[in-house]
Amino acid sequence: MTASARPFGLVVLVRTVRFFYLLWGGMLLSSLVLANRLRVPEGLWSWPWAANALLSPWGRGVLLGLGLVMATAALIEIWELVDLLLVRFLHDHEHDR
């Protein structure tokens, strides 16, 4: 199905949910890493090398980078969502004239 065949409300809903997921995840991951409050799940301690890799400075740097990428993706997502809304409503306004 092409993008034009999808219902407009569904596209806006999916993009809005994706924006909030990326923003929340990026901010949470970045703030946990920066505040040094990152905790490894108990199940990951069955592989101590993986848990230690995540808690090392390199692992924290990778997680911080992932959080920043998610926050940047949220900004791009909201940019596209606002663009979609403006094009839709301004195009309808010009069509009515």
# chains A, B, ... in the order shown; residues from 1 in each chain; ligands from 1
>>> residues_around(residues="Leu23 in chain A", least_positions_apart="3", cutoff="8 Å", atoms="only C-alpha atoms", output="PyMOL selection string")
chain A and resi 19-20+26-27+70-71+74-75
>>> residues_around(residues="range 5-14 of chain A", least_positions_apart="3", cutoff="10 Å", atoms="only C-alpha atoms", output="number ranges by chain")
A: 1-2, 17-19, 81-82, 84-85, 88
>>> write_last_selection(atoms="C-alpha atoms", output="compact mmCIF listing (two decimals), in the first residue's frame")
# COMPACT_ATOMS: atom_id res chain seq x y z
CA MET A 1 0.00 0.00 0.00
CA THR A 2 1.40 3.38 -0.92
CA VAL A 17 3.37 7.47 18.77
CA ARG A 18 6.76 6.97 17.14
CA PHE A 19 7.78 10.53 18.06
CA LEU A 81 4.81 15.26 11.23
CA VAL A 82 4.42 19.05 11.26
CA LEU A 84 2.68 16.52 6.82
CA LEU A 85 0.02 18.43 8.76
CA ARG A 88 -2.42 18.66 4.26
>>> atom_distance(atom1="CA of Leu55 in chain A", atom2="CA of Leu28 in chain A")
16.4 Å
>>> closest_residue(among="A:Ala51, A:Phe89, A:Trp45, A:Gly67", to="Val33 in chain A", atoms="only C-alpha atoms")
A:Gly67
>>> atom_distance(atom1="CA of Glu80 in chain A", atom2="CA of Trp24 in chain A")
17.9 Å
>>> closest_residue(among="A:Ala53, A:Leu22, A:Val69, A:Leu63", to="Leu34 in chain A", atoms="only C-alpha atoms")
A:Leu63
>>> closest_residue(among="A:Asp83, A:Gly65, A:Asn52, A:Ile78", to="Arg39 in chain A", atoms="only C-alpha atoms")
A:Asn52
>>> atom_distance(atom1="CA of Arg60 in chain A", atom2="CA of Glu77 in chain A")
25.3 Å
>>> select_by_dssp(residues="chain A", states="alpha helix (DSSP H)", output="MDAnalysis selection string")
chainID A and resid 8:34 48:55 57:96
>>> closest_residue(among="A:Ala73, A:Leu90, A:Pro57, A:Ala50", to="Asn36 in chain A", atoms="only C-alpha atoms")
A:Pro57
>>> closest_residue(among="A:Val40, A:Ile76, A:Ala35, A:Leu68", to="Thr16 in chain A", atoms="only C-alpha atoms")
A:Ile76
>>> closest_residue(among="A:Leu66, A:Gly43, A:Arg15, A:Ser56", to="Ser31 in chain A", atoms="only C-alpha atoms")
A:Leu66
